[in-house]
>>> print(open('model07.cif').read())   # mmCIF, C-alpha atoms
data_model
loop_
_atom_site.label_atom_id
_atom_site.label_comp_id
_atom_site.auth_asym_id
_atom_site.auth_seq_id
_atom_site.Cartn_x
_atom_site.Cartn_y
_atom_site.Cartn_z
CA MET T 514 33.00 -55.85 -7.27
CA ASN T 515 35.37 -56.72 -4.43
CA GLY T 516 37.03 -53.54 -3.19
CA LYS T 517 34.44 -51.30 -4.87
CA VAL T 518 32.37 -48.80 -2.89
CA CYS T 519 28.83 -48.15 -4.17
CA LEU T 520 26.31 -45.53 -3.02
CA VAL T 521 22.68 -46.24 -3.90
CA THR T 522 20.00 -43.60 -3.32
CA GLY T 523 16.49 -44.87 -2.75
CA GLY T 524 18.08 -48.11 -1.60
CA THR T 525 15.41 -49.11 0.90
CA ASN T 526 12.79 -50.20 -1.61
CA GLY T 527 12.13 -51.43 -5.13
CA ILE T 528 14.83 -51.12 -7.78
CA GLY T 529 17.30 -49.48 -5.43
CA LYS T 530 17.03 -52.23 -2.84
CA ALA T 531 17.32 -54.97 -5.49
CA THR T 532 20.38 -53.27 -6.99
CA ALA T 533 22.03 -52.83 -3.59
CA HIS T 534 21.41 -56.51 -2.80
CA ALA T 535 22.93 -57.65 -6.10
CA LEU T 536 26.02 -55.47 -5.71
CA ALA T 537 26.50 -56.72 -2.14
CA GLN T 538 26.30 -60.30 -3.41
CA MET T 539 29.10 -59.43 -5.84
CA GLY T 540 31.28 -58.39 -2.92
CA ALA T 541 30.97 -54.62 -3.09
CA THR T 542 30.82 -52.30 -0.10
CA VAL T 543 27.32 -50.87 -0.46
CA VAL T 544 25.89 -47.77 1.21
CA ILE T 545 22.15 -47.22 0.82
CA VAL T 546 20.42 -43.89 1.29
CA GLY T 547 16.90 -43.63 2.69
CA ARG T 548 14.59 -41.10 4.37
CA ASP T 549 13.45 -43.40 7.19
CA ALA T 550 16.22 -44.40 9.62
CA GLN T 551 14.37 -47.45 11.00
CA LYS T 552 13.58 -48.77 7.54
CA ALA T 553 17.12 -48.11 6.28
CA ALA T 554 18.61 -49.97 9.25
CA ARG T 555 16.21 -52.90 8.75
CA VAL T 556 16.90 -53.16 5.01
CA THR T 557 20.63 -52.96 5.65
CA GLU T 558 20.41 -55.97 7.97
CA GLU T 559 18.28 -57.83 5.40
CA ILE T 560 20.85 -57.25 2.65
CA ARG T 561 23.74 -58.23 4.93
CA ALA T 562 22.04 -61.51 5.79
CA ALA T 563 20.85 -62.32 2.27
CA SER T 564 24.16 -61.48 0.60
CA ASP T 565 26.46 -62.82 3.33
CA ASN T 566 28.26 -59.49 3.13
CA GLN T 567 28.70 -57.37 6.25
CA ASN T 568 30.01 -54.39 4.28
CA VAL T 569 26.57 -52.88 3.84
CA ASP T 570 25.81 -49.55 5.49
CA TRP T 571 23.12 -46.86 5.40
CA LEU T 572 22.91 -43.10 5.54
CA MET T 573 19.78 -41.02 6.01
CA ALA T 574 18.77 -38.08 3.83
CA ASP T 575 15.72 -36.34 2.41
CA LEU T 576 16.95 -35.83 -1.13
CA SER T 577 14.46 -33.06 -1.83
CA SER T 578 16.43 -30.92 0.64
CA GLN T 579 19.68 -29.36 -0.53
CA GLN T 580 20.91 -29.05 3.06
CA ASP T 581 20.32 -32.78 3.56
CA ILE T 582 22.14 -33.61 0.30
CA ARG T 583 25.14 -31.56 1.41
CA ARG T 584 25.13 -33.23 4.81
CA LEU T 585 24.86 -36.66 3.15
CA ALA T 586 27.84 -35.97 0.87
CA ALA T 587 29.94 -34.69 3.77
CA GLU T 588 29.01 -37.65 5.97
CA PHE T 589 29.80 -40.11 3.19
CA LYS T 590 33.23 -38.52 2.56
CA THR T 591 33.98 -38.62 6.29
CA LYS T 592 33.28 -42.36 6.47
CA TYR T 593 34.61 -43.43 3.06
CA SER T 594 37.66 -42.24 1.16
CA GLN T 595 36.63 -43.93 -2.09
CA LEU T 596 33.55 -44.06 -4.30
CA HIS T 597 33.41 -46.19 -7.43
CA VAL T 598 29.69 -46.29 -8.23
CA LEU T 599 27.04 -43.64 -7.58
CA LEU T 600 23.53 -44.79 -8.47
CA ASN T 601 21.09 -41.88 -8.52
CA ASN T 602 17.92 -43.93 -8.17
CA ALA T 603 15.62 -42.14 -5.71
CA GLY T 604 12.70 -40.29 -7.27
CA GLY T 605 9.01 -39.61 -7.12
CA THR T 606 5.97 -38.19 -8.84
CA PHE T 607 3.61 -35.58 -7.44
CA THR T 608 0.20 -35.20 -9.05
CA THR T 609 -0.39 -31.86 -7.33
CA ARG T 610 2.17 -29.07 -7.18
CA GLN T 611 4.23 -29.11 -4.00
CA VAL T 612 7.42 -27.30 -3.09
CA SER T 613 10.49 -28.51 -1.22
CA VAL T 614 11.96 -26.91 1.88
CA ASP T 615 14.06 -24.85 -0.53
CA GLY T 616 10.95 -23.53 -2.27
CA ILE T 617 11.56 -25.60 -5.41
CA GLU T 618 8.84 -27.64 -7.12
CA MET T 619 9.13 -31.09 -5.59
CA THR T 620 9.42 -33.23 -8.74
CA PHE T 621 12.22 -31.06 -10.11
CA ALA T 622 13.95 -30.90 -6.70
CA LEU T 623 13.88 -34.64 -6.03
CA ASN T 624 14.20 -36.12 -9.52
CA HIS T 625 16.69 -33.73 -11.09
CA LEU T 626 18.40 -31.34 -8.69
CA ALA T 627 19.19 -34.13 -6.23
CA TYR T 628 21.03 -36.03 -9.00
CA PHE T 629 22.81 -32.86 -10.07
CA LEU T 630 23.90 -31.71 -6.62
CA LEU T 631 24.88 -35.08 -5.14
CA SER T 632 26.88 -36.08 -8.22
CA ASN T 633 28.84 -32.82 -8.17
CA LEU T 634 29.51 -33.03 -4.43
CA LEU T 635 30.87 -36.59 -4.71
CA LEU T 636 33.05 -36.15 -7.79
CA GLU T 637 36.26 -35.73 -5.81
CA PRO T 638 36.43 -39.28 -4.40
CA MET T 639 35.25 -40.66 -7.74
CA ILE T 640 37.87 -38.92 -9.87
CA ALA T 641 40.58 -39.75 -7.32
CA ASN T 642 39.66 -43.46 -7.49
CA ALA T 643 38.77 -43.77 -11.18
CA PRO T 644 37.62 -45.72 -13.03
CA ALA T 645 34.26 -44.86 -11.50
CA ARG T 646 30.65 -44.73 -12.69
CA ILE T 647 27.66 -42.46 -12.21
CA ILE T 648 24.33 -44.05 -13.14
CA ASN T 649 21.14 -42.00 -13.41
CA VAL T 650 17.79 -43.78 -13.38
CA SER T 651 15.57 -42.02 -15.92
CA SER T 652 12.44 -43.30 -17.69
CA ASP T 653 10.92 -43.60 -21.14
CA ALA T 654 8.52 -40.97 -19.81
CA HIS T 655 11.24 -38.54 -20.91
CA SER T 656 9.93 -38.87 -24.47
CA GLY T 657 6.89 -36.76 -23.49
CA GLY T 658 9.01 -34.28 -21.56
CA LYS T 659 9.98 -30.72 -22.37
CA ILE T 660 12.39 -28.32 -20.71
CA ASP T 661 10.47 -25.05 -20.66
CA PHE T 662 12.70 -22.52 -18.95
CA GLU T 663 9.72 -20.16 -18.60
CA ASN T 664 7.77 -22.81 -16.66
CA LEU T 665 10.57 -24.96 -15.25
CA GLN T 666 8.88 -25.49 -11.89
CA GLY T 667 5.28 -25.52 -13.05
CA GLU T 668 4.74 -21.95 -11.87
CA ARG T 669 2.49 -21.08 -14.80
CA SER T 670 0.84 -24.44 -15.40
CA TYR T 671 1.06 -27.81 -13.69
CA SER T 672 -0.30 -31.14 -14.88
CA SER T 673 -0.49 -34.39 -12.95
CA PHE T 674 2.27 -36.30 -14.74
CA GLY T 675 3.90 -33.73 -17.04
CA PRO T 676 6.53 -32.61 -14.50
CA TYR T 677 7.62 -36.23 -14.05
CA GLY T 678 8.36 -36.63 -17.77
CA ASN T 679 10.15 -33.29 -17.75
CA SER T 680 12.33 -34.38 -14.83
CA LYS T 681 13.22 -37.65 -16.53
CA LEU T 682 14.21 -35.70 -19.65
CA ALA T 683 16.37 -33.52 -17.40
CA ASN T 684 18.08 -36.70 -16.12
CA ILE T 685 19.25 -37.59 -19.63
CA LEU T 686 20.28 -34.04 -20.53
CA PHE T 687 22.27 -33.91 -17.28
CA THR T 688 23.84 -37.30 -18.02
CA ILE T 689 25.07 -36.26 -21.45
CA GLU T 690 26.33 -32.88 -20.26
CA LEU T 691 28.14 -34.29 -17.21
CA ALA T 692 29.72 -37.01 -19.35
CA ARG T 693 31.01 -34.32 -21.70
CA ARG T 694 32.48 -32.31 -18.84
CA LEU T 695 34.12 -35.38 -17.26
CA GLU T 696 35.74 -36.62 -20.45
CA GLY T 697 39.25 -37.87 -19.71
CA THR T 698 38.74 -38.20 -15.94
CA GLY T 699 37.92 -41.91 -15.93
CA VAL T 700 34.44 -41.25 -14.53
CA THR T 701 31.63 -42.38 -16.82
CA VAL T 702 28.01 -41.21 -16.69
CA ASN T 703 25.07 -43.12 -18.14
CA ALA T 704 21.27 -43.05 -17.83
CA LEU T 705 18.72 -45.84 -18.05
CA HIS T 706 15.07 -46.75 -18.29
CA PRO T 707 14.32 -49.65 -15.92
CA GLY T 708 11.02 -50.62 -17.51
CA LEU T 709 7.64 -50.56 -15.80
CA THR T 710 8.44 -52.02 -12.40
CA SER T 711 6.28 -52.88 -9.42
CA THR T 712 7.54 -50.69 -6.56
CA GLY T 713 6.11 -48.24 -4.06
CA PHE T 714 6.40 -45.49 -6.65
CA GLY T 715 3.54 -42.97 -6.66
CA LYS T 716 1.86 -44.21 -3.49
CA ASN T 717 2.45 -40.84 -1.85
CA ASN T 718 -0.32 -39.37 -4.03
CA PRO T 719 -4.01 -39.38 -3.07
CA GLY T 720 -6.85 -39.93 -5.52
CA PHE T 721 -8.79 -42.66 -7.24
CA LEU T 722 -6.50 -42.84 -10.31
CA MET T 723 -3.43 -43.56 -8.20
CA LYS T 724 -5.31 -46.24 -6.26
CA ILE T 725 -6.31 -47.92 -9.53
CA MET T 726 -2.71 -47.75 -10.78
CA GLY T 727 -1.59 -49.29 -7.49
CA VAL T 728 -3.77 -52.29 -8.23
CA VAL T 729 -3.13 -52.62 -11.98
CA ILE T 730 0.61 -51.95 -12.21
CA PRO T 731 1.70 -54.94 -10.07
CA LEU T 732 -0.27 -57.20 -12.43
CA VAL T 733 1.63 -56.11 -15.55
CA ALA T 734 4.93 -54.75 -14.26
CA ARG T 735 8.35 -56.29 -13.80
CA SER T 736 9.58 -57.40 -10.41
CA PRO T 737 12.09 -55.08 -8.72
CA GLU T 738 14.80 -57.67 -9.44
CA LYS T 739 14.07 -57.54 -13.18
CA GLY T 740 13.71 -53.77 -13.09
CA ALA T 741 17.15 -53.52 -11.48
CA LYS T 742 18.96 -55.50 -14.19
CA THR T 743 20.14 -52.52 -16.21
CA SER T 744 21.24 -50.62 -13.10
CA ILE T 745 23.26 -53.66 -11.98
CA TYR T 746 24.73 -54.08 -15.46
CA LEU T 747 25.85 -50.44 -15.67
CA ALA T 748 27.31 -50.60 -12.15
CA SER T 749 29.28 -53.79 -12.59
CA SER T 750 29.81 -54.97 -16.16
CA PRO T 751 33.30 -54.62 -17.66
CA GLU T 752 31.60 -54.24 -21.05
CA VAL T 753 30.57 -50.67 -20.21
CA GLN T 754 33.59 -49.54 -18.21
CA SER T 755 34.53 -46.93 -20.83
CA VAL T 756 31.03 -46.20 -22.20
CA THR T 757 29.74 -42.76 -21.24
CA GLY T 758 26.98 -40.30 -22.07
CA LYS T 759 24.55 -43.00 -23.21
CA TYR T 760 20.97 -44.05 -22.48
CA PHE T 761 20.30 -47.74 -21.83
CA VAL T 762 17.16 -49.86 -22.01
CA ASP T 763 17.35 -53.58 -21.15
CA CYS T 764 21.16 -53.37 -20.92
CA LYS T 765 21.47 -51.98 -24.47
CA VAL T 766 22.38 -48.52 -25.72
CA THR T 767 19.18 -46.92 -27.01
CA GLN T 768 18.56 -43.62 -28.77
CA PRO T 769 16.59 -41.31 -26.45
CA ALA T 770 13.93 -38.90 -27.68
CA PRO T 771 15.25 -36.08 -29.92
CA GLN T 772 14.83 -33.42 -27.23
CA ALA T 773 17.26 -35.34 -25.01
CA ALA T 774 20.06 -34.71 -27.51
CA ASP T 775 19.77 -30.90 -27.54
CA SER T 776 23.21 -29.80 -26.33
CA ALA T 777 22.19 -26.13 -26.06
CA VAL T 778 19.32 -27.01 -23.73
CA ALA T 779 21.62 -29.34 -21.75
CA ARG T 780 24.14 -26.55 -21.18
CA ARG T 781 21.50 -24.03 -20.20
CA LEU T 782 19.87 -26.54 -17.85
CA TRP T 783 23.28 -27.14 -16.29
CA ASP T 784 23.76 -23.42 -15.62
CA VAL T 785 20.25 -22.98 -14.22
CA SER T 786 20.66 -26.07 -12.03
CA ALA T 787 24.00 -24.87 -10.66
CA GLU T 788 22.40 -21.55 -9.75
CA MET T 789 19.39 -23.20 -8.10
CA ALA T 790 21.67 -25.57 -6.16
CA HIS T 791 23.98 -22.71 -5.13
CA LEU T 792 26.88 -24.69 -6.54
CA ALA T 793 29.62 -22.32 -7.61
CA ASN T 794 32.16 -25.11 -8.13
CA ALA T 795 30.14 -27.38 -10.44
CA VAL T 796 32.28 -29.13 -13.05
CA PRO T 797 33.51 -26.37 -15.37
CA GLU T 798 33.67 -26.49 -19.14
CA MET T 799 36.70 -28.52 -20.19
CA ALA T 800 39.46 -26.39 -21.73
#
>>> encode(input="model07.cif", output="structure tokens")
Amino acid sequence: MNGKVCLVTGGTNGIGKATAHALAQMGATVVIVGRDAQKAARVTEEIRAASDNQNVDWLMADLSSQQDIRRLAAEFKTKYSQLHVLLNNAGGTFTTRQVSVDGIEMTFALNHLAYFLLSNLLLEPMIANAPARIINVSSDAHSGGKIDFENLQGERSYSSFGPYGNSKLANILFTIELARRLEGTGVTVNALHPGLTSTGFGKNNPGFLMKIMGVVIPLVARSPEKGAKTSIYLASSPEVQSVTGKYFVDCKVTQPAPQAADSAVARRLWDVSAEMAHLANAVPEMA
């Protein structure tokens, strides 16, 4: 990974931090994105020391905010002229309906629209320096998901974990559609399920159930290092340099749920997402 520039969202904790560490050990220039400046600076120093690689940097952004995503993309392009790996890793679950600063349901804003908007805003330095890779962290929770365009943001009904599965389904639909639109550019796009991993995921939610999960999950889950294996593989392995539009589990191509292969839904979701993100110049249909 010498000479490669990698941007890792959610890089201050869990899978993102473990992936950033591994890529730094391989010699990559790694930029992590976090919401907390003090934590991001501390984790950056930890990774530099542990990897013996000083080319580790951090940028701050709240990825539920479209203004912050745009500022992040602009700041990154000001500091770096190249981008070879974009790992869309940051995400969350919200057991009660909340809205972002843009008035968008939080799960959809953070887990899907952030991937969509950031990827589109950073395509220029990726295409210019291809081969390059976009990696979207999804989940097997997508198998219970549904894209209901009449209730896309849980306006009509909202369940505790349903929106999370829907957002993870959106990740795979976005992956397949973006891969189709980028065909021939040298930029690949793949999604993955990391496996049940012990991280800080879900701790933002109150309630007895979440407290119980916080105790039980670490007993049965993978370590962040094991959970990061597929992300690291997709970011660095020459075996997948030309593989695109696929869903990986444990470093192997896996068939996602049937609803993740619906190209009509993927195209409509793309159009709706572009409108919600106010992105007039999203990747057009290839001629």
>>> residues_near_point(input="model07.cif", point="(10.4, -33.8, -25.9)", cutoff="9 Å", atoms="all atoms listed in the file", output="ChimeraX atom specification")
/T:655-660,678-679,682,770-773
>>> closest_atom_pairs(input="model07.cif", of="stretch 527-566 of chain T", to="stretch 739-759 of chain T", cutoff="9 Å", atoms="all atoms listed in the file", output="JSON lines")
{"residue": "T:Gly527", "atom": "CA", "partner": "T:Ala741", "partner_atom": "CA", "distance": 8.4}
{"residue": "T:Ile528", "atom": "CA", "partner": "T:Ala741", "partner_atom": "CA", "distance": 5.0}
{"residue": "T:Gly529", "atom": "CA", "partner": "T:Ala741", "partner_atom": "CA", "distance": 7.3}
{"residue": "T:Lys530", "atom": "CA", "partner": "T:Ala741", "partner_atom": "CA", "distance": 8.7}
{"residue": "T:Ala531", "atom": "CA", "partner": "T:Ala741", "partner_atom": "CA", "distance": 6.2}
{"residue": "T:Thr532", "atom": "CA", "partner": "T:Ala741", "partner_atom": "CA", "distance": 5.5}
{"residue": "T:Ala533", "atom": "CA", "partner": "T:Ile745", "partner_atom": "CA", "distance": 8.5}
{"residue": "T:Ala535", "atom": "CA", "partner": "T:Ile745", "partner_atom": "CA", "distance": 7.1}
{"residue": "T:Leu536", "atom": "CA", "partner": "T:Ile745", "partner_atom": "CA", "distance": 7.1}
{"residue": "T:Met539", "atom": "CA", "partner": "T:Ser749", "partner_atom": "CA", "distance": 8.8}
>>> residues_near_point(input="model07.cif", point="(38.8, -44.8, -7.0)", cutoff="10 Å", atoms="all atoms listed in the file", output="PyMOL selection string")
chain T and resi 516-518+594-598+637-646+699-700
>>> atom_distance(input="model07.cif", atom1="atom CA of T:Ile648", atom2="atom CA of T:Leu705")
7.7 Å
>>> atom_distance(input="model07.cif", atom1="atom CA of T:Thr557", atom2="atom CA of T:Cys764")
26.6 Å
>>> closest_residue(input="model07.cif", among="T:Cys519, T:Met514, T:Ala790, T:Ala586", to="T:Val569", atoms="all atoms listed in the file")
T:Cys519
>>> closest_residue(input="model07.cif", among="T:Ser736, T:Asp775, T:Glu618, T:Met573", to="T:Leu665", atoms="only C-alpha atoms")
T:Glu618
>>> closest_residue(input="model07.cif", among="T:Phe761, T:His706, T:Phe662, T:Lys681", to="T:Leu782", atoms="all atoms listed in the file")
T:Phe662
>>> build_atoms(input="model07.cif", residues="stretch 619-647 of chain T", atoms="N, CA and C atoms", output="PDB file, in the frame of the given file")
ATOM      1  N   MET T 619       8.620 -29.853  -6.171  1.00  0.00           N
ATOM      2  CA  MET T 619       9.130 -31.090  -5.590  1.00  0.00           C
ATOM      3  C   MET T 619       9.655 -32.095  -6.621  1.00  0.00           C
ATOM      4  N   THR T 620       8.958 -32.263  -7.730  1.00  0.00           N
ATOM      5  CA  THR T 620       9.420 -33.230  -8.740  1.00  0.00           C
ATOM      6  C   THR T 620      10.780 -32.840  -9.268  1.00  0.00           C
ATOM      7  N   PHE T 621      10.955 -31.568  -9.581  1.00  0.00           N
ATOM      8  CA  PHE T 621      12.220 -31.060 -10.110  1.00  0.00           C
ATOM      9  C   PHE T 621      13.314 -31.182  -9.044  1.00  0.00           C
ATOM     10  N   ALA T 622      12.970 -30.852  -7.794  1.00  0.00           N
ATOM     11  CA  ALA T 622      13.950 -30.900  -6.700  1.00  0.00           C
ATOM     12  C   ALA T 622      14.458 -32.312  -6.458  1.00  0.00           C
ATOM     13  N   LEU T 623      13.524 -33.259  -6.380  1.00  0.00           N
ATOM     14  CA  LEU T 623      13.880 -34.640  -6.030  1.00  0.00           C
ATOM     15  C   LEU T 623      14.453 -35.419  -7.215  1.00  0.00           C
ATOM     16  N   ASN T 624      13.828 -35.280  -8.378  1.00  0.00           N
ATOM     17  CA  ASN T 624      14.200 -36.120  -9.520  1.00  0.00           C
ATOM     18  C   ASN T 624      15.378 -35.591 -10.313  1.00  0.00           C
ATOM     19  N   HIS T 625      15.575 -34.291 -10.312  1.00  0.00           N
ATOM     20  CA  HIS T 625      16.690 -33.730 -11.090  1.00  0.00           C
ATOM     21  C   HIS T 625      17.756 -33.064 -10.233  1.00  0.00           C
ATOM     22  N   LEU T 626      17.377 -32.078  -9.435  1.00  0.00           N
ATOM     23  CA  LEU T 626      18.400 -31.340  -8.690  1.00  0.00           C
ATOM     24  C   LEU T 626      19.155 -32.220  -7.706  1.00  0.00           C
ATOM     25  N   ALA T 627      18.495 -33.216  -7.141  1.00  0.00           N
ATOM     26  CA  ALA T 627      19.190 -34.130  -6.230  1.00  0.00           C
ATOM     27  C   ALA T 627      20.300 -34.882  -6.971  1.00  0.00           C
ATOM     28  N   TYR T 628      20.008 -35.361  -8.191  1.00  0.00           N
ATOM     29  CA  TYR T 628      21.030 -36.030  -9.000  1.00  0.00           C
ATOM     30  C   TYR T 628      22.187 -35.062  -9.269  1.00  0.00           C
ATOM     31  N   PHE T 629      21.823 -33.856  -9.694  1.00  0.00           N
ATOM     32  CA  PHE T 629      22.810 -32.860 -10.070  1.00  0.00           C
ATOM     33  C   PHE T 629      23.724 -32.500  -8.896  1.00  0.00           C
ATOM     34  N   LEU T 630      23.130 -32.182  -7.764  1.00  0.00           N
ATOM     35  CA  LEU T 630      23.900 -31.710  -6.620  1.00  0.00           C
ATOM     36  C   LEU T 630      24.738 -32.837  -6.004  1.00  0.00           C
ATOM     37  N   LEU T 631      24.139 -33.992  -5.762  1.00  0.00           N
ATOM     38  CA  LEU T 631      24.880 -35.080  -5.140  1.00  0.00           C
ATOM     39  C   LEU T 631      26.045 -35.545  -6.010  1.00  0.00           C
ATOM     40  N   SER T 632      25.812 -35.647  -7.307  1.00  0.00           N
ATOM     41  CA  SER T 632      26.880 -36.080  -8.220  1.00  0.00           C
ATOM     42  C   SER T 632      28.059 -35.105  -8.165  1.00  0.00           C
ATOM     43  N   ASN T 633      27.767 -33.821  -8.215  1.00  0.00           N
ATOM     44  CA  ASN T 633      28.840 -32.820  -8.170  1.00  0.00           C
ATOM     45  C   ASN T 633      29.591 -32.854  -6.844  1.00  0.00           C
ATOM     46  N   LEU T 634      28.865 -33.035  -5.745  1.00  0.00           N
ATOM     47  CA  LEU T 634      29.510 -33.030  -4.430  1.00  0.00           C
ATOM     48  C   LEU T 634      30.382 -34.264  -4.198  1.00  0.00           C
ATOM     49  N   LEU T 635      30.111 -35.356  -4.919  1.00  0.00           N
ATOM     50  CA  LEU T 635      30.870 -36.590  -4.710  1.00  0.00           C
ATOM     51  C   LEU T 635      31.877 -36.870  -5.823  1.00  0.00           C
ATOM     52  N   LEU T 636      32.106 -35.911  -6.688  1.00  0.00           N
ATOM     53  CA  LEU T 636      33.050 -36.150  -7.790  1.00  0.00           C
ATOM     54  C   LEU T 636      34.487 -36.344  -7.324  1.00  0.00           C
ATOM     55  N   GLU T 637      34.863 -35.650  -6.269  1.00  0.00           N
ATOM     56  CA  GLU T 637      36.260 -35.730  -5.810  1.00  0.00           C
ATOM     57  C   GLU T 637      36.701 -37.156  -5.503  1.00  0.00           C
ATOM     58  N   PRO T 638      35.983 -37.904  -4.656  1.00  0.00           N
ATOM     59  CA  PRO T 638      36.430 -39.280  -4.400  1.00  0.00           C
ATOM     60  C   PRO T 638      36.229 -40.217  -5.588  1.00  0.00           C
ATOM     61  N   MET T 639      35.421 -39.831  -6.553  1.00  0.00           N
ATOM     62  CA  MET T 639      35.250 -40.660  -7.740  1.00  0.00           C
ATOM     63  C   MET T 639      36.406 -40.458  -8.711  1.00  0.00           C
ATOM     64  N   ILE T 640      36.750 -39.207  -8.963  1.00  0.00           N
ATOM     65  CA  ILE T 640      37.870 -38.920  -9.870  1.00  0.00           C
ATOM     66  C   ILE T 640      39.170 -39.450  -9.287  1.00  0.00           C
ATOM     67  N   ALA T 641      39.337 -39.297  -7.979  1.00  0.00           N
ATOM     68  CA  ALA T 641      40.580 -39.750  -7.320  1.00  0.00           C
ATOM     69  C   ALA T 641      40.733 -41.261  -7.352  1.00  0.00           C
ATOM     70  N   ASN T 642      39.620 -41.988  -7.501  1.00  0.00           N
ATOM     71  CA  ASN T 642      39.660 -43.460  -7.490  1.00  0.00           C
ATOM     72  C   ASN T 642      39.119 -44.057  -8.782  1.00  0.00           C
ATOM     73  N   ALA T 643      39.228 -43.281  -9.864  1.00  0.00           N
ATOM     74  CA  ALA T 643      38.770 -43.770 -11.180  1.00  0.00           C
ATOM     75  C   ALA T 643      39.550 -45.018 -11.584  1.00  0.00           C
ATOM     76  N   PRO T 644      38.900 -45.912 -12.364  1.00  0.00           N
ATOM     77  CA  PRO T 644      37.620 -45.720 -13.030  1.00  0.00           C
ATOM     78  C   PRO T 644      36.438 -45.782 -12.059  1.00  0.00           C
ATOM     79  N   ALA T 645      35.455 -44.931 -12.333  1.00  0.00           N
ATOM     80  CA  ALA T 645      34.260 -44.860 -11.500  1.00  0.00           C
ATOM     81  C   ALA T 645      33.054 -44.585 -12.408  1.00  0.00           C
ATOM     82  N   ARG T 646      31.861 -44.816 -11.867  1.00  0.00           N
ATOM     83  CA  ARG T 646      30.650 -44.730 -12.690  1.00  0.00           C
ATOM     84  C   ARG T 646      29.537 -43.998 -11.964  1.00  0.00           C
ATOM     85  N   ILE T 647      28.888 -43.101 -12.681  1.00  0.00           N
ATOM     86  CA  ILE T 647      27.660 -42.460 -12.210  1.00  0.00           C
ATOM     87  C   ILE T 647      26.521 -42.986 -13.074  1.00  0.00           C
TER      88      ILE T 647
END
